[in-house]
Structure formats: structure tokens, C-alpha cells
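Each remark here refers to the structure printed beneath this line.
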Amino acid sequence: MSNDNRASEIAARLRERVTVAPAGEKLPGVRELSKEFQASAATVSAALSELSALGLVRAEPGRGTFVAEREQLPEPDFAWQSQALGPARVDTERASRLGGYGTPEHIPLSWGYLAPELLPHDELHRIGSRAAKNNRAWMMTPPAGSPELRRVFAAEYRTDPGDVLVVSGGQQGLVFTMRTLAEPGSTVITESPSYPGAILAAQSAGLTIASVPADKDGIIVERLADELERTRARVIYLQPSYANPTGTVLSRERRAQVLDLAAQHGAFIIEDDWARHLGIDGHTPPPLITEDPNGHVVTVTTLSKPASPGLRIGAVIARGPAGDRLRASRTGDDLCVAPMVQEIALTLLTSNVWGRHLKRLRTELAERRDALTAAIRQTLPDVRIQSTPGGGIHLWAKLPHGADTRQISSDAYAAGVLVGDGRHFFVNEPPAPFLRFSYGAATPAQITQGVRKLAPIIS
């Protein structure tokens with residue numbers, strides 16, 4: 001999946017050899033190692049550089065790479081840090097799963113981004129080359145973002161450009177928004193199951209998390225009302241369109257009810273609009289913020305999902321004093337998103353490339369979604385698909401009672417398949433065993449192959 005991850009994997013395997021080899025022993029050449037590990041010369045060189053940085057090997061130009069002399073260093077003692085740091089805020093296991101890439105050999109049946117062949121990489125290369133020649137790419141922008149890019153985001157959300165804050169992707173937007181809208185120790189309510197990154201963002205902000213069950217129509221409003229009364233929470237986190245992991249869309253009736261509850265309780269709704277450009281069947285519902293005149297909804301959107309995971313750019317849209325606070329506190333973080341990235345995003349969004357890309361993406365995602373649902377129904381009869389999503393990239397499936405999703409995901413990884421352990425999408429204990437499948441990162445052929453590999457593991 002990631003060249004960096006592949007290089008680290010090769011470095012780890014070479015490290016096992018180096019630690020038992022005598023000092024001065026010559027390692028095989030890059031070409032030989034490339035053949036052994038079935039990796040490019042660049043990846044192998046990166047692995048050797050990693051070992052060199054650790055002082056385990058030394059490179060001698062023209063001669064090769066040799067095992068370095070090993071110094072007897074004292075064993076480090078980090079015990080003092082546990083006392084100094086205090087209790088951990090962020091769930092380390094959930095965080096490690098969120099960033100778990102697997103290897104290039106794994107079939108990604110659970111992954112939060114699109115396959116490279118679905119992304120407009122050729123166009124981004126051309127746009128990036130032109131952007132680098134523009135002087136604006138090397139100048140500071142206002143902390144809230146370039147005026148031109150803010151106008152483009154504002155048009156899609158039918159708001160004033162002054163309400164837009166450009167951020168480095170949706171995840172930063174979530175952390176930044178939760179930290180600004182809520183005091184540490186206060187409560188944020190989230191639908192359940194929910195995006196693990198939002199749970200991590202709340203933990204990072206020092207918030208207490210209360211969860212409310214969701215069904216095929218989104219968060220259950222009656223339960224949300226009860227939780228607002230019980231916790232006095234002032235922040236609600238929702239994914240109204242194609243929620244991760246379930247793919248559900250908040251129904252029209254519940255949209256109005258949720259907005260009414262926010263008004264009654266003086267609460268903010270953080271609308272995670274990550275899948276705005278990933279609709280498949282029909283039109284994506286309008287953003288919830290467009291139905292809210294009084295500033296209860298704060299929307300977080302991203303281009304990293306539909307355009308490229310490396311294009312770390314998105315926006316937070318907020319009105320009134322909340323928007324003023326978000327934009328003012330931005331200067332305490334990183335002053336602004338890299339102007340080069342903003343130039344690339346602006347050119348992409350205002351070009352003919354963008355519309356063509358989204359049209360092709362809709363067709364490709366439909367084919368892969370249908371391939372995944374068909375493969376599961378034909379090959380995994382005991383796995384029940386909760387509903388076929390009309391957009392997004394994820395599919396939520398329930399397993400028979402008693403299934404151990406931790407073991408299943410571990411065994412699947414060993415078999416070369418990435419699947420999402422449903423436990424990580426719940427704040428507390430899951431009510432039943434679930435797996436998250438994704439159809440955006442694997443080809444139809446890979447999807448079929450991956451599901452077949454799961455059959456003996458899940459049966």
C-alpha cells in the first residue's frame with residue numbers, strides 16, 4: 001500500500017540479519033536485495049538508509065554496504081515519562097488501526113482512501129508543475145486560506161467566503177473544531193457506530209464521548225434527545241451523508257429533528273461531510289449547514305478523499321462567533337496551509353478535470369460496490385450486509401453471534417487481506433460482531449479474491 005511502509009518492512013527483516021552478523025560483513029547489493037524482496041531499487045535503498053540512520057550499517061561508495069561496529073549503549077529507561085505524561089488521552093490501539101497500511105501484497109478490503117487508478121494523478125502532476133511556477137505558491141496566504149480557494153468552497157456550501165477556514169485535510173479539521181467548540185472535560189455526542197478518527201479527535205481534545213445508536217436512517221433522534229438532557233452536551237458529531245462505516249444517510253425527517261434539538265439545547269453540530277463527492281446512486285443530499293440559518297452547524301469537508309490522500313486540504317465552514325474563534329485561533333497552530341497545496345486545489349476545483357473525474361469516479365465506485373456486495377452474498381452466506389450504500393466507500397456487515405472480530409481481522413491480515421474490525425467503530429462495547437468492508441481501494445478482481453480468502457476464516 002505504501003512505499004515507506006514497504007521500506008520499513010524490508011528494513012525490519014534486514015535488521016534481524018544484521019544484528020547477528022559480524023561487524024564488517026558485506027550485505028548483498030541493491031539489485032540482489034531487490035530481487036529477493038520483490039521490491040524496487042528505490043525501496044531497498046530507503047530500507048538501507050533507515051538501517052544506516054540507526055547506525056546498524058555503513059555505506060562505502062564504490063564498495064557496498066557493511067555491518068557496522070556495534071557500540072554497547074546503556075539500556076534506556078523511560079519509566080519517568082509515564083509519571084510525567086499522566087493518563088493517555090488517545091486510545092493507542094484505535095489509533096494504530098486507523099493508520100494501519102498493510103503491505104503492497106495485502107488486498108485492501110478495508111481502507112479509507114481510493115485506489116491510485118481512481119485518482120486524477122496525471123492531472124495533478126500537470127497542475128502541480130504549473131503551480132510551482134506561480135509566485136503565489138511561494139508566498140504566505142492569510143491564516144484562513146487564500147481568498148480564491150475560500151470562494152470556491154463557499155460556493156458549494158452556499159455561504160460567505162468569510163465563513164470558510166482552509167485546513168490541512170478533514171482530520172485536522174475535526175481536531176481543530178472539537179478543540180475550539182468544546183472545553184476539555186465536556187461531552188461530545190456521536191452516533192454509534194462512528195468514524196474512529198472522530199473518536200480520536202475528541203480524545204485528543206480532552207472530551208468525554210457519549211454515543212447514541214443509529215439505524216438505517218441515521219442517528220435515532222429520541223435517543224439523542226435523552227442523551228442531550230442527561231449530559232448537557234453542547235457538541236454533536238454527525239456524518240449526515242454516507243456515514244463511515246455504515247454508509248447510511250440521515251433521513252429528511254431526522255435532519256429537521258436534529259436541527260430542532262440543536263436549537264433547543266443551544267448545541268453545535270459538527271457535520272463531517274467527507275463523502276460529499278463520493279455519491280453513487282442519485283444526488284448526494286445537500287449539506288446540513290444549508291438548512292441551518294443560525295450557526296448551529298459547523299461543517300468539515302475534505303479533498304483528500306476524492307482527489308488524493310496526499311493532497312492534505314479541506315475546509316471548516318462556521319458562522320458567527322464560533323467561526324470567528326476558529327479563524328482567530330488558527331494562528332496558534334500553523335499560520336496557514338502550504339500555499340502550494342492551496343494553489344493545486346484551487347486549479348483542480350476550477351478546471352474541467354474535476355467534473356470529468358467525479359463522473360468517472362461515480363461509475364467506478366458503483367462497479368466495485370456491486371462486486372463487493374455480490375462476492376459477500378455468494379461466498380460468505382453467514383455475513384449479513386446491513387444495507388447497500390448509495391455512496392461513500394464503505395459497507396457494514398454483521399457476523400453471526402459469538403464471532404471474534406479481533407481474531408478474524410488478525411487471521412485475515414495473516415492471509416493477506418485487510419478488513420476492518422468492527423470494535424474500533426464503537427465508543428464502548430459493540431452490541432454485535434461487525435466488520436467494515438471498503439470497495440474504493442481494490443479492483444473488482446481483487447475484491448472477489450479477497451472475499452474468497454475470507455471464507456475459511458469467517459466460516
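Labels used: A, B, ... for chains in the order of the C-alpha cells, numbers from 1 for residues in each chain, and numbers from 1 for ligands as shown.
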Counting only C-alpha atoms, what is within 10 Å of A:Arg158, bar same-chain residues fewer than 3 positions away, as a compact mmCIF listing (two decimals) with C-alpha atoms, in the first residue's frame?
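Full text of out_37.txt as output:
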# COMPACT_ATOMS: atom_id res chain seq x y z
CA ARG A 151 -14.68 31.47 -2.52
CA PHE A 153 -15.51 26.20 -1.04
CA ALA A 154 -18.11 28.82 -0.06
CA ALA A 155 -19.99 28.45 -3.35
CA PRO A 161 -16.25 33.15 1.83
CA PRO A 287 -25.11 19.78 3.28
CA ILE A 289 -25.42 23.56 7.05
CA THR A 290 -27.55 24.84 4.15
Counting only C-alpha atoms, what are the residues of stretch 342-409 of chain A within 6 Å of stretch 244-255 of chain A, and for each of them which pair of atoms is the nearest and at what distance in Å, to one decimal? Sort the table by chain and rising number, as CSV.
residue,atom,partner,partner_atom,distance
A:Pro389,CA,A:Gly247,CA,4.8
A:His394,CA,A:Pro245,CA,5.7
A:Leu395,CA,A:Thr246,CA,5.9
A:Trp396,CA,A:Thr246,CA,4.9
For the residues in that selection, give me N, CA and C atoms as an mmCIF file, in the first residue's frame.
data_model
loop_
_atom_site.group_PDB
_atom_site.id
_atom_site.type_symbol
_atom_site.label_atom_id
_atom_site.label_comp_id
_atom_site.auth_asym_id
_atom_site.auth_seq_id
_atom_site.Cartn_x
_atom_site.Cartn_y
_atom_site.Cartn_z
ATOM 1 N N PRO A 389 -24.903 0.738 0.422
ATOM 2 C CA PRO A 389 -24.735 2.191 0.481
ATOM 3 C C PRO A 389 -24.944 2.848 -0.874
ATOM 4 N N HIS A 394 -17.672 2.599 1.950
ATOM 5 C CA HIS A 394 -17.675 1.562 2.971
ATOM 6 C C HIS A 394 -18.995 0.794 3.009
ATOM 7 N N LEU A 395 -18.874 -0.445 3.474
ATOM 8 C CA LEU A 395 -20.023 -1.328 3.613
ATOM 9 C C LEU A 395 -19.931 -1.997 4.987
ATOM 10 N N TRP A 396 -21.031 -2.029 5.720
ATOM 11 C CA TRP A 396 -21.078 -2.515 7.100
ATOM 12 C C TRP A 396 -21.779 -3.865 7.135
#
Need the shell around A:Ala275: protein/DNA/RNA residues with any atom at most 10 Å away, counting only C-alpha atoms. Skip same-chain ones fewer than 2 positions apart. Format as a compact mmCIF listing (two decimals) with C-alpha atoms, in the first residue's frame?
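Output file part_39.txt is given in full below:
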# COMPACT_ATOMS: atom_id res chain seq x y z
CA GLN A 239 -22.00 12.20 9.26
CA PRO A 240 -25.30 13.01 7.52
CA SER A 241 -24.24 11.60 4.14
CA TYR A 242 -22.79 8.08 3.59
CA ALA A 243 -21.58 7.64 7.15
CA ASN A 244 -18.39 5.72 7.85
CA GLY A 247 -22.96 4.10 4.56
CA ASP A 272 -18.43 15.62 8.79
CA ASP A 273 -19.08 15.96 5.07
CA HIS A 277 -18.06 13.94 -3.81
CA LEU A 278 -18.44 10.17 -3.49
CA GLY A 279 -22.11 9.75 -4.35
CA THR A 284 -25.78 13.44 -2.56
CA THR A 301 -15.10 18.90 4.31
CA THR A 302 -12.05 17.42 2.57
CA LEU A 303 -10.47 16.92 -0.85
CA LYS A 305 -10.80 11.51 -0.18
CA PRO A 306 -11.97 12.24 -3.75
CA GLY A 391 -22.37 6.48 -1.85
CA GLY A 392 -19.13 6.67 0.08
CA ILE A 393 -16.67 3.79 0.06
Quick one: everything within 9 Å of A:Leu27, counting only C-alpha atoms, minus sequence neighbours fewer than 2 positions away in the same chain. Send it as a count of residues only. 10
Name the residues of stretch 187-380 of chain A that fall into helix (DSSP H, G or I) according to DSSP on the backbone, using the chain letters and numbers of this document, as a ChimeraX atom specification. /A:196-204,221-231,252-265,288-291,320-332,339-349,352-379
Just-selected residues, C-alpha atoms written as a compact mmCIF listing (two decimals), in the first residue's frame:
# COMPACT_ATOMS: atom_id res chain seq x y z
CA PRO A 196 -12.72 6.10 14.63
CA GLY A 197 -10.85 9.25 13.64
CA ALA A 198 -13.61 11.37 15.16
CA ILE A 199 -13.35 9.39 18.39
CA LEU A 200 -9.58 10.01 18.39
CA ALA A 201 -10.14 13.72 17.65
CA ALA A 202 -12.47 14.01 20.65
CA GLN A 203 -10.00 12.19 22.87
CA SER A 204 -7.18 14.43 21.66
CA VAL A 221 -33.46 11.16 17.41
CA GLU A 222 -35.31 10.09 20.56
CA ARG A 223 -32.13 8.62 22.00
CA LEU A 224 -30.22 11.76 21.03
CA ALA A 225 -32.75 13.90 22.90
CA ASP A 226 -32.34 11.75 26.01
CA GLU A 227 -28.54 11.99 25.81
CA LEU A 228 -28.62 15.77 25.42
CA GLU A 229 -30.74 16.02 28.54
CA ARG A 230 -28.52 13.63 30.50
CA THR A 231 -25.12 15.03 29.56
CA ARG A 252 -35.02 14.09 5.61
CA GLU A 253 -37.34 13.86 8.64
CA ARG A 254 -34.47 13.29 11.06
CA ARG A 255 -32.42 16.14 9.57
CA ALA A 256 -35.13 18.58 10.64
CA GLN A 257 -35.48 16.94 14.06
CA VAL A 258 -31.74 17.03 14.74
CA LEU A 259 -31.60 20.72 13.84
CA ASP A 260 -34.54 21.40 16.17
CA LEU A 261 -32.78 19.57 19.02
CA ALA A 262 -29.61 21.57 18.48
CA ALA A 263 -31.61 24.79 18.65
CA GLN A 264 -33.46 23.70 21.79
CA HIS A 265 -30.26 22.78 23.65
CA LEU A 288 -26.89 20.08 6.61
CA ILE A 289 -25.42 23.56 7.05
CA THR A 290 -27.55 24.84 4.15
CA GLU A 291 -30.69 24.19 6.25
CA GLY A 320 -21.00 33.75 13.83
CA PRO A 321 -18.70 33.95 16.87
CA ALA A 322 -17.81 30.24 16.52
CA GLY A 323 -16.38 30.94 13.07
CA ASP A 324 -14.52 33.98 14.39
CA ARG A 325 -12.93 31.87 17.14
CA LEU A 326 -11.94 29.12 14.76
CA ARG A 327 -10.28 31.51 12.36
CA ALA A 328 -8.63 33.59 15.08
CA SER A 329 -7.15 30.60 16.89
CA ARG A 330 -5.70 29.32 13.62
CA THR A 331 -2.62 31.48 14.07
CA GLY A 332 -1.73 29.43 17.15
CA PRO A 339 0.25 27.88 -0.37
CA MET A 340 1.47 25.37 -2.97
CA VAL A 341 -1.19 22.88 -1.87
CA GLN A 342 -3.85 25.60 -1.94
CA GLU A 343 -2.85 26.56 -5.50
CA ILE A 344 -3.12 22.95 -6.65
CA ALA A 345 -6.53 22.53 -5.01
CA LEU A 346 -7.82 25.80 -6.48
CA THR A 347 -6.71 24.90 -10.01
CA LEU A 348 -8.18 21.39 -9.74
CA LEU A 349 -11.57 22.57 -8.46
CA ASN A 352 -12.81 20.82 -16.40
CA VAL A 353 -10.76 17.96 -14.97
CA TRP A 354 -12.74 17.98 -11.72
CA GLY A 355 -16.16 17.35 -13.24
CA ARG A 356 -14.85 14.59 -15.53
CA HIS A 357 -13.05 12.96 -12.62
CA LEU A 358 -16.17 12.89 -10.43
CA LYS A 359 -18.27 11.44 -13.25
CA ARG A 360 -15.77 8.62 -13.83
CA LEU A 361 -15.43 8.06 -10.10
CA ARG A 362 -19.18 7.51 -9.72
CA THR A 363 -19.11 4.78 -12.38
CA GLU A 364 -16.03 3.06 -10.96
CA LEU A 365 -17.30 3.07 -7.39
CA ALA A 366 -20.66 1.63 -8.47
CA GLU A 367 -18.90 -1.27 -10.20
CA ARG A 368 -16.70 -2.01 -7.19
CA ARG A 369 -19.53 -1.67 -4.69
CA ASP A 370 -21.65 -4.10 -6.66
CA ALA A 371 -18.72 -6.52 -6.96
CA LEU A 372 -18.24 -6.46 -3.18
CA THR A 373 -21.89 -6.99 -2.30
CA ALA A 374 -22.18 -9.83 -4.83
CA ALA A 375 -19.00 -11.52 -3.58
CA ILE A 376 -20.08 -11.37 0.07
CA ARG A 377 -23.57 -12.71 -0.66
CA GLN A 378 -22.24 -15.55 -2.80
CA THR A 379 -19.19 -16.51 -0.76
So that I can see what lies close to A:Ser192, please list as number ranges by chain the residues with an atom at most 9 Å from it, counting only C-alpha atoms and leaving out residues fewer than 4 positions away in the same chain. A: 211-215, 219, 425-427
Expected file: the selected residues, C-alpha atoms, as a PDB file, in the first residue's frame:
ATOM      1  CA  SER A 211     -22.646   7.604  21.923  1.00  0.00           C
ATOM      2  CA  VAL A 212     -26.180   7.287  20.561  1.00  0.00           C
ATOM      3  CA  PRO A 213     -27.270   4.331  18.399  1.00  0.00           C
ATOM      4  CA  ALA A 214     -28.001   4.817  14.712  1.00  0.00           C
ATOM      5  CA  ASP A 215     -30.115   2.742  12.335  1.00  0.00           C
ATOM      6  CA  ILE A 219     -28.915   8.706  14.443  1.00  0.00           C
ATOM      7  CA  PHE A 425     -16.085   1.899  15.367  1.00  0.00           C
ATOM      8  CA  PHE A 426     -17.817   1.864  18.762  1.00  0.00           C
ATOM      9  CA  VAL A 427     -17.007   4.062  21.751  1.00  0.00           C
TER      10      VAL A 427
END
Counting only C-alpha atoms, which residue out of A:Pro193, A:Pro116, A:Pro433, A:Gly402 sits closest to A:Asp421?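 Of the candidates, the smallest distance to A:Asp421 is held by A:Pro433.
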Need the shell around stretch 403-418 of chain A: protein/DNA/RNA residues with any atom at most 6 Å away, counting only C-alpha atoms. Skip same-chain ones fewer than 3 positions apart. Format as a list in words?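 Everything that qualifies: His106, Ile107, Pro108, Leu109, Ser110, Pro400 and Asp421 of chain A.
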Would you please extract all strand (DSSP E) residues from stretch 43-137 of chain A, as assigned by DSSP on the backbone, and give them as a ChimeraX atom specification? /A:57-60,64-67,107-108
